[in-house]
Structures are given as C-alpha cells and as structure tokens.
Amino acid sequence: MMQKKLARYETMLDQLAQKGRRRSLAQLNGSDFTSNDYLGLAGSARLNTGVISAIERGVPIGAGGSRLLRGNHPEHEALESEAAAFFRSQRVLYLGSGYAANVAIFSTLPQRGDIIVHDALVHASANEGIAASRAVSVAVAHNDVDAFDAAIRTWRQAGGTGHPWIAIESLYSMDGDRAPLMELVALADRHDGFLVVDEAHATGIYGPGGRGLSADLEGRDNVIVLHTCGKALGSAGALVSGSRVICDFLVNRARPFIYATAPSPLLAASVRDALKILTDEPERRAKLQHLIAFANEQISARLGIEGSGTQILPVIIGDNGRTARIAHQMQSKGFDIRAIRPPTVPEGTARLRIAITLNVDIATITDMFDQLAHVMEREPMMAATP
C-alpha cells in the first residue's frame with residue numbers, strides 16, 4: 001500500500017531525470033566557483049572569533065520564540081540599529097532568510113487595489129510573495145523600463161486606482177547584469193508607486209562602503225531594500241530596510257515575521273561583525289573587483305562569451321544534459337561548478353553559473369577557464385532534451 005502511495009513521486013522524479021532536471025545534493029569539493037561567499041567571510045577568522053566572543057559574553061544560539069513573544073534579543077535590536085545607520089535607512093528589520101523576507105514584503109505591503117509589476121527574472125522568493133499578495137501582478141520583460149511603464153499605464157487605463165509596486169533585483173542572480181535603478185525609481189515617483197530592490201548579490205560588494213547598488217536610494221519613503229546576510233556578509237538571515245512606518249507595518253502584519261521563531265541571536269551578532277568588516281577591510285572589495293575584471297577578460301578570451309561585468313558569469317549552454325555533463329567534468333577536475341537548469345532559469349537556457357569569490361585567486365581562475373574551454377570543445381552538442 002505504501003509503495004502505491006509513493007509511486008507517483010517516483011514517477012515524477014523519473015520524469016525529471018528524463019528531462020535532465022533531477023537534482024541531488026553534493027558535498028563541497030574543489031575550488032569554489034559556485035558559492036555566494038563573495039568576500040570570503042563565511043569561514044573567516046574574524047567572523048569565527050566574533051562568534052566565540054559572543055558565546056563567551058552569553059549570547060544564546062536559539063531565540064526561544066518569535067520576535068513578538070520572548071524571542072526579541074538585544075542582539076537583534078543592536079543589529080537593526082547598526083544596520084540602519086550603515087545603510088542610512090530610517091529602520092531595518094532582521095528576518096531569518098532572504099526567502100522569508102521577500103515573502104513577507106510582497107505578501108504584506110501591496111494592498112488590494114494595487115499592482116505589482118515585477119521583472120520576469122526576479123527571485124523565486126519574490127514570486128512566492130507576489131502569489132500570496134492581495135494585489136494583482138504582472139511580469140514584464142527583463143530590465144525593460146518601457147515595459148514597466150506600459151504595464152502601469154495599462155492598469156491605470158483599466159481603472160486601477162491603487163499604488164504600483166515595482167519589484168526588481170539590483171544585480172540578477174543568474175545573469176549577473178544590473179537593473180536600471182535610477183530610471184525605475186523615477187518611474188515609481190512618476191506613478192506614485194513604490195520600488196522594491198533585492199540587493200542579494202550586490203550587498204557588501206558594490207556601492208559606497210559596500211552598501212549596495214541602491215545606496216543612493218535608501219532612506220526614501222517609497223523605496224524598500226532587501227539585503228541578504230548569507231552571501232557576501234558570510235552569515236545568515238536578511239535585513240529589510242525601509243521607512244519606520246513600513247517596517248512597523250511588517251512587524252504587525254507580516255506572517256513570516258510574526259509566526260516564525262526569531263533568527264539566532266548568535267547569527268545577529270555575526271552579521272554585526274560582518275558589517276564592521278565592510279568598514280574596516282575595504283581591501284576585500286578591492287581585491288574582489290580585481291578578480292572580477294580578470295575573470296571577465298578570461299571568459300571573453302577563452303570562451304568567446306561577453307562577460308557580465310560582475311562576479312556572476314553565466315555560460316549558457318541550452319541543453320540540460322550537456323550542461324550537467326560539462327559541470328560534472330569540471331568537478332572531476334577540481335572545480336566546483338554547478339549546472340543550473342529550468343525551472344530555475346528559462347527553458348532552453350541551462351547554464352553554468354560561475355561565481356567569482358575571494359576563495360580563489362588569479363592562478364585558479366586561469367586554470368579553470370583553460371580546463372573549461374577544453375571540456376566544452378570536447379563535449380559534443382546533442383539533441384535538445386524534450
């Protein structure tokens with residue numbers, strides 16, 4: 001009987017395998033070209049020492065409850081205060097993950113009668129929040145300001161009377177390209193709307209002091225910014241930056257905030273240390289920018305692919321099977337490169353997502369592109385997987 005209950009799941013897994021989409025977990029192995037630990041902080045001595053120091057001063061691992069019950073620890077409030085000063089925002093809220101933060105923002109803030117206009121390539125977590133929203137929503141072509149404008153105008157002409165919400169990433173996680181932030185905030189202003197910027201892959205790396213690509217926009221009443229802490233900041237959780245009214249509304253109405261056990265106070269202490277590192281060690285960003293420039297030159301010279309100009313370098317292959325085989329061969333040569341396949345990316349755009357971090361150096365990047373050029377030349381093109 002139990003086998004019958006499970007058979008449908010086995011069938012679906014087999015179908016994924018046939019399409020070259022079945023996933024599995026893999027151990028860390030080889031030089032890091034896949035993580036989001038861009039500044040090399042996740043295993044840094046300074047963050048490790050900071051955690052030890054926090055434990056020694058009595059900071060607990062667990063919060064013991066939600067922030068609105070007994071889980072609101074002084075470390076959470078200290079982090080939020082310091083982060084608001086760092087990002088020059090009126091207020092900041094600390095949540096357990098970027099996923100939870102995006103769901104909280106989009107399921108809570110846009111109201112019935114509003115519209116959410118989102119970039120077609122925005123994070124899956126934003127899509128989850130949008131799906132749970134009371135507002136109507138529409139996806140528009142990637143980085144097309146005119147398409148955003150047209151969607152809002154069409155909605156207004158059809159009788160839309162609320163506020164538009166423009167949802168974007170400042171730097172896109174699978175393509176490595178940047179959003180036209182200034183044009184989009186001007187559009188939000190023109191239409192009496194809000195701009196929500198997910199800085200997940202820019203926080204700590206870009207902008208003055210590592211404050212992100214939207215640094216000049218923070219502090220505005222109609223701008224909400226999400227800074228994740230598990231990428232360049234090397235820890236975990238997410239910071240939502242906005243006006244005092246917006247953050248207080250999230251505290252009162254956002255279910256992912258209200259009904260979740262608060263993030264570990266120990267992790268809050270770790271994020272505080274990470275923000276201090278951004279200020280104390282600007283050489284990390286400078287070194288990363290040098291590696292990024294070199295890697296972009298190499299992907300052009302060795303593979304004939306125009307670089308993104310950022311730390312995220314997609315090598316779009318298309319066929320799911322060929323992408324997975326190339327990734328496997330690179331792993332066997334000591335380079336941790338993973339295959340990214342639909343539905344994470346659009347159909348027909350399976351790719352290798354090469355991430356440049358401080359966990360590698362010039363010599364390793366050179367060797368990796370040498371090997372990748374050789375593997376791609378030898379790995380034959382095959383018919384597209386149905």
# chains A, B, ... in the order shown; residues from 1 in each chain; ligands from 1
$ residues_around --residues "Arg91 of chain A" --least-positions-apart "4" --cutoff "7 Å" --atoms "only C-alpha atoms" --output "MDAnalysis selection string"
chainID A and resid 84 241:244 247
$ residues_around --residues "Asn222 of chain A" --least-positions-apart "3" --cutoff "9 Å" --atoms "only C-alpha atoms" --output "compact mmCIF listing (two decimals) with N, CA and C atoms, in the first residue's frame"
# COMPACT_ATOMS: atom_id res chain seq x y z
N VAL A 185 13.36 54.08 -10.30
CA VAL A 185 12.87 54.87 -9.17
C VAL A 185 12.17 56.13 -9.68
N ALA A 188 8.76 54.96 -10.50
CA ALA A 188 7.95 54.82 -9.29
C ALA A 188 7.47 56.19 -8.81
N ASP A 189 8.34 57.17 -8.85
CA ASP A 189 7.95 58.53 -8.45
C ASP A 189 6.84 59.07 -9.35
N ASP A 192 3.46 57.50 -8.59
CA ASP A 192 3.05 57.45 -7.18
C ASP A 192 3.14 56.02 -6.64
N GLY A 193 4.28 55.39 -6.94
CA GLY A 193 4.44 53.99 -6.57
C GLY A 193 5.61 53.75 -5.64
N PHE A 194 5.90 52.46 -5.45
CA PHE A 194 6.99 52.01 -4.60
C PHE A 194 7.97 51.19 -5.44
N LEU A 195 9.23 51.23 -5.05
CA LEU A 195 10.27 50.41 -5.66
C LEU A 195 10.82 49.47 -4.61
N VAL A 196 10.80 48.17 -4.90
CA VAL A 196 11.38 47.16 -4.00
C VAL A 196 12.62 46.60 -4.68
N GLY A 219 16.47 55.27 2.35
CA GLY A 219 16.01 56.39 3.14
C GLY A 219 14.82 57.10 2.53
N GLY A 242 13.69 50.16 5.23
CA GLY A 242 12.60 51.00 4.76
C GLY A 242 12.25 52.08 5.75
N SER A 243 11.15 52.75 5.51
CA SER A 243 10.70 53.78 6.43
C SER A 243 10.24 53.15 7.74
$ closest_residue --among "A:Phe369, A:Ile337, A:Leu239, A:Pro263" --to "Ala301 of chain A" --atoms "only C-alpha atoms"
A:Phe369
$ closest_residue --among "A:Gln311, A:Thr34, A:Asn29, A:Gln15" --to "Tyr206 of chain A" --atoms "only C-alpha atoms"
A:Gln311
$ residues_around --residues "Ala126 of chain A" --least-positions-apart "4" --cutoff "7 Å" --atoms "only C-alpha atoms" --output "VMD selection string"
chain A and resid 102 to 103 106 122 130
$ atom_distance --atom1 "atom CA of Gln27 of chain A" --atom2 "atom CA of His328 of chain A"
12.9 Å
$ residues_around --residues "segment 342-353 of chain A" --least-positions-apart "4" --cutoff "8 Å" --atoms "only C-alpha atoms" --output "count of residues only"
16
$ atom_distance --atom1 "atom CA of Lys231 of chain A" --atom2 "atom CA of Ala186 of chain A"
28.8 Å
$ closest_atom_pairs --of "segment 242-359 of chain A" --to "segment 70-76 of chain A" --cutoff "12 Å" --atoms "only C-alpha atoms" --output "tab-separated table"
residue	atom	partner	partner_atom	distance
A:Val251	CA	A:Asn72	CA	11.8
A:Phe257	CA	A:Gly71	CA	11.4
A:Ile258	CA	A:Gly71	CA	10.7
A:Tyr259	CA	A:Gly71	CA	11.2
A:Ala260	CA	A:Gly71	CA	9.8
A:Thr261	CA	A:Gly71	CA	7.0
A:Ala262	CA	A:Gly71	CA	5.6
A:Pro263	CA	A:His76	CA	8.3
A:Ser264	CA	A:His76	CA	8.7
A:Pro265	CA	A:Glu75	CA	5.6
A:Leu266	CA	A:Glu75	CA	7.7
A:Leu267	CA	A:Glu75	CA	8.9
A:Ala268	CA	A:His76	CA	5.7
A:Ala269	CA	A:Glu75	CA	6.0
A:Ser270	CA	A:Glu75	CA	9.6
A:Val271	CA	A:His76	CA	9.8
A:Arg272	CA	A:Glu75	CA	8.6
A:Asp273	CA	A:Glu75	CA	11.4
$ write_last_selection --atoms "N, CA and C atoms" --output "PDB file, in the first residue's frame"
ATOM      1  N   VAL A 251       6.109  44.412  11.070  1.00  0.00           N
ATOM      2  CA  VAL A 251       6.098  43.818  12.412  1.00  0.00           C
ATOM      3  C   VAL A 251       4.684  43.417  12.807  1.00  0.00           C
ATOM      4  N   PHE A 257       7.261  37.080   9.590  1.00  0.00           N
ATOM      5  CA  PHE A 257       7.934  37.696  10.737  1.00  0.00           C
ATOM      6  C   PHE A 257       7.231  37.324  12.032  1.00  0.00           C
ATOM      7  N   ILE A 258       5.897  37.428  12.050  1.00  0.00           N
ATOM      8  CA  ILE A 258       5.134  37.235  13.282  1.00  0.00           C
ATOM      9  C   ILE A 258       5.179  35.792  13.769  1.00  0.00           C
ATOM     10  N   TYR A 259       5.053  34.838  12.834  1.00  0.00           N
ATOM     11  CA  TYR A 259       4.838  33.449  13.228  1.00  0.00           C
ATOM     12  C   TYR A 259       6.075  32.566  13.121  1.00  0.00           C
ATOM     13  N   ALA A 260       7.223  33.169  12.893  1.00  0.00           N
ATOM     14  CA  ALA A 260       8.472  32.384  12.831  1.00  0.00           C
ATOM     15  C   ALA A 260       9.290  32.614  14.095  1.00  0.00           C
ATOM     16  N   THR A 261       9.934  31.556  14.556  1.00  0.00           N
ATOM     17  CA  THR A 261      10.906  31.738  15.626  1.00  0.00           C
ATOM     18  C   THR A 261      11.967  32.725  15.153  1.00  0.00           C
ATOM     19  N   ALA A 262      12.341  33.631  16.003  1.00  0.00           N
ATOM     20  CA  ALA A 262      13.300  34.670  15.632  1.00  0.00           C
ATOM     21  C   ALA A 262      14.634  34.058  15.204  1.00  0.00           C
ATOM     22  N   PRO A 263      15.355  34.740  14.326  1.00  0.00           N
ATOM     23  CA  PRO A 263      16.682  34.240  13.938  1.00  0.00           C
ATOM     24  C   PRO A 263      17.590  34.112  15.164  1.00  0.00           C
ATOM     25  N   SER A 264      18.574  33.253  15.055  1.00  0.00           N
ATOM     26  CA  SER A 264      19.521  33.051  16.153  1.00  0.00           C
ATOM     27  C   SER A 264      20.184  34.372  16.560  1.00  0.00           C
ATOM     28  N   PRO A 265      20.155  34.721  17.835  1.00  0.00           N
ATOM     29  CA  PRO A 265      20.885  35.913  18.290  1.00  0.00           C
ATOM     30  C   PRO A 265      22.377  35.829  17.977  1.00  0.00           C
ATOM     31  N   LEU A 266      22.897  34.604  17.953  1.00  0.00           N
ATOM     32  CA  LEU A 266      24.312  34.417  17.629  1.00  0.00           C
ATOM     33  C   LEU A 266      24.594  34.831  16.183  1.00  0.00           C
ATOM     34  N   LEU A 267      23.655  34.523  15.286  1.00  0.00           N
ATOM     35  CA  LEU A 267      23.815  34.945  13.904  1.00  0.00           C
ATOM     36  C   LEU A 267      23.676  36.456  13.769  1.00  0.00           C
ATOM     37  N   ALA A 268      22.786  37.049  14.561  1.00  0.00           N
ATOM     38  CA  ALA A 268      22.658  38.513  14.550  1.00  0.00           C
ATOM     39  C   ALA A 268      23.986  39.153  14.949  1.00  0.00           C
ATOM     40  N   ALA A 269      24.640  38.583  15.946  1.00  0.00           N
ATOM     41  CA  ALA A 269      25.947  39.093  16.362  1.00  0.00           C
ATOM     42  C   ALA A 269      26.967  38.942  15.240  1.00  0.00           C
ATOM     43  N   SER A 270      26.871  37.817  14.504  1.00  0.00           N
ATOM     44  CA  SER A 270      27.792  37.582  13.395  1.00  0.00           C
ATOM     45  C   SER A 270      27.582  38.604  12.277  1.00  0.00           C
ATOM     46  N   VAL A 271      26.327  38.940  11.986  1.00  0.00           N
ATOM     47  CA  VAL A 271      26.061  39.940  10.943  1.00  0.00           C
ATOM     48  C   VAL A 271      26.577  41.304  11.380  1.00  0.00           C
ATOM     49  N   ARG A 272      26.462  41.622  12.650  1.00  0.00           N
ATOM     50  CA  ARG A 272      27.027  42.882  13.149  1.00  0.00           C
ATOM     51  C   ARG A 272      28.524  42.940  12.857  1.00  0.00           C
ATOM     52  N   ASP A 273      29.211  41.830  13.104  1.00  0.00           N
ATOM     53  CA  ASP A 273      30.648  41.780  12.819  1.00  0.00           C
ATOM     54  C   ASP A 273      30.918  41.923  11.325  1.00  0.00           C
TER      55      ASP A 273
END
$ closest_residue --among "A:Gln90, A:Asn127, A:Thr364, A:Gln289" --to "Leu39 of chain A" --atoms "only C-alpha atoms"
A:Gln289
$ closest_residue --among "A:Gly209, A:Gly176, A:Gly204, A:Gly230" --to "Thr310 of chain A" --atoms "only C-alpha atoms"
A:Gly176
$ atom_distance --atom1 "atom CA of His374 of chain A" --atom2 "atom CA of Ile354 of chain A"
16.2 Å
$ residues_around --residues "Val197 of chain A" --least-positions-apart "2" --cutoff "8 Å" --atoms "only C-alpha atoms" --output "MDAnalysis selection string"
chainID A and resid 167:170 195 199 214 223:226
$ write_last_selection --atoms "C-alpha atoms" --output "PDB file, in the first residue's frame"
ATOM      1  CA  ALA A 167       9.897  44.611  -7.964  1.00  0.00           C
ATOM      2  CA  ILE A 168      13.468  44.074  -9.143  1.00  0.00           C
ATOM      3  CA  GLU A 169      16.902  42.790  -8.227  1.00  0.00           C
ATOM      4  CA  SER A 170      19.740  45.281  -8.370  1.00  0.00           C
ATOM      5  CA  LEU A 195      10.268  50.412  -5.664  1.00  0.00           C
ATOM      6  CA  GLU A 199      20.252  43.617  -3.254  1.00  0.00           C
ATOM      7  CA  SER A 214      20.788  51.229  -4.391  1.00  0.00           C
ATOM      8  CA  VAL A 223      11.935  52.527  -1.538  1.00  0.00           C
ATOM      9  CA  ILE A 224      12.212  49.187   0.290  1.00  0.00           C
ATOM     10  CA  VAL A 225      15.542  47.364   0.070  1.00  0.00           C
ATOM     11  CA  LEU A 226      16.394  43.773   0.943  1.00  0.00           C
TER      12      LEU A 226
END
$ select_by_dssp --residues "segment 23-262 of chain A" --states "strand (DSSP E or B)" --output "VMD selection string"
chain A and resid 31 to 32 66 91 to 95 115 to 119 136 to 140 164 to 169 171 178 194 to 198 223 to 228 238 to 242 261
$ select_by_dssp --residues "segment 146-348 of chain A" --states "alpha helix (DSSP H)" --output "PyMOL selection string"
chain A and resi 146-157+181-190+244-253+255-258+265-280+282-303+320-332
$ closest_residue --among "A:Lys333, A:His290, A:Arg253, A:His227" --to "Val92 of chain A" --atoms "only C-alpha atoms"
A:His227
$ residues_around --residues "segment 135-146 of chain A" --least-positions-apart "4" --cutoff "8 Å" --atoms "only C-alpha atoms" --output "PyMOL selection string"
chain A and resi 110-121+130+150-151+179-180+183-184
$ write_last_selection --atoms "C-alpha atoms" --output "PDB file, in the first residue's frame"
ATOM      1  CA  PRO A 110       0.964  45.722  -1.574  1.00  0.00           C
ATOM      2  CA  GLN A 111      -2.748  46.053  -0.821  1.00  0.00           C
ATOM      3  CA  ARG A 112      -5.912  45.075  -2.644  1.00  0.00           C
ATOM      4  CA  GLY A 113      -6.316  47.586  -5.484  1.00  0.00           C
ATOM      5  CA  ASP A 114      -2.530  47.896  -6.002  1.00  0.00           C
ATOM      6  CA  ILE A 115      -0.470  46.294  -8.766  1.00  0.00           C
ATOM      7  CA  ILE A 116       2.908  44.570  -8.546  1.00  0.00           C
ATOM      8  CA  VAL A 117       4.941  44.886 -11.735  1.00  0.00           C
ATOM      9  CA  HIS A 118       7.927  42.589 -11.488  1.00  0.00           C
ATOM     10  CA  ASP A 119      10.892  41.792 -13.659  1.00  0.00           C
ATOM     11  CA  ALA A 120      10.460  38.401 -15.334  1.00  0.00           C
ATOM     12  CA  LEU A 121      13.745  37.225 -13.811  1.00  0.00           C
ATOM     13  CA  ILE A 130       3.664  38.033  -5.054  1.00  0.00           C
ATOM     14  CA  ALA A 150       3.412  50.357 -20.153  1.00  0.00           C
ATOM     15  CA  ALA A 151       2.135  47.800 -17.633  1.00  0.00           C
ATOM     16  CA  ALA A 179      18.964  46.836 -13.124  1.00  0.00           C
ATOM     17  CA  PRO A 180      18.415  50.397 -14.416  1.00  0.00           C
ATOM     18  CA  GLU A 183      15.148  55.020 -14.345  1.00  0.00           C
ATOM     19  CA  LEU A 184      12.979  52.692 -12.274  1.00  0.00           C
TER      20      LEU A 184
END
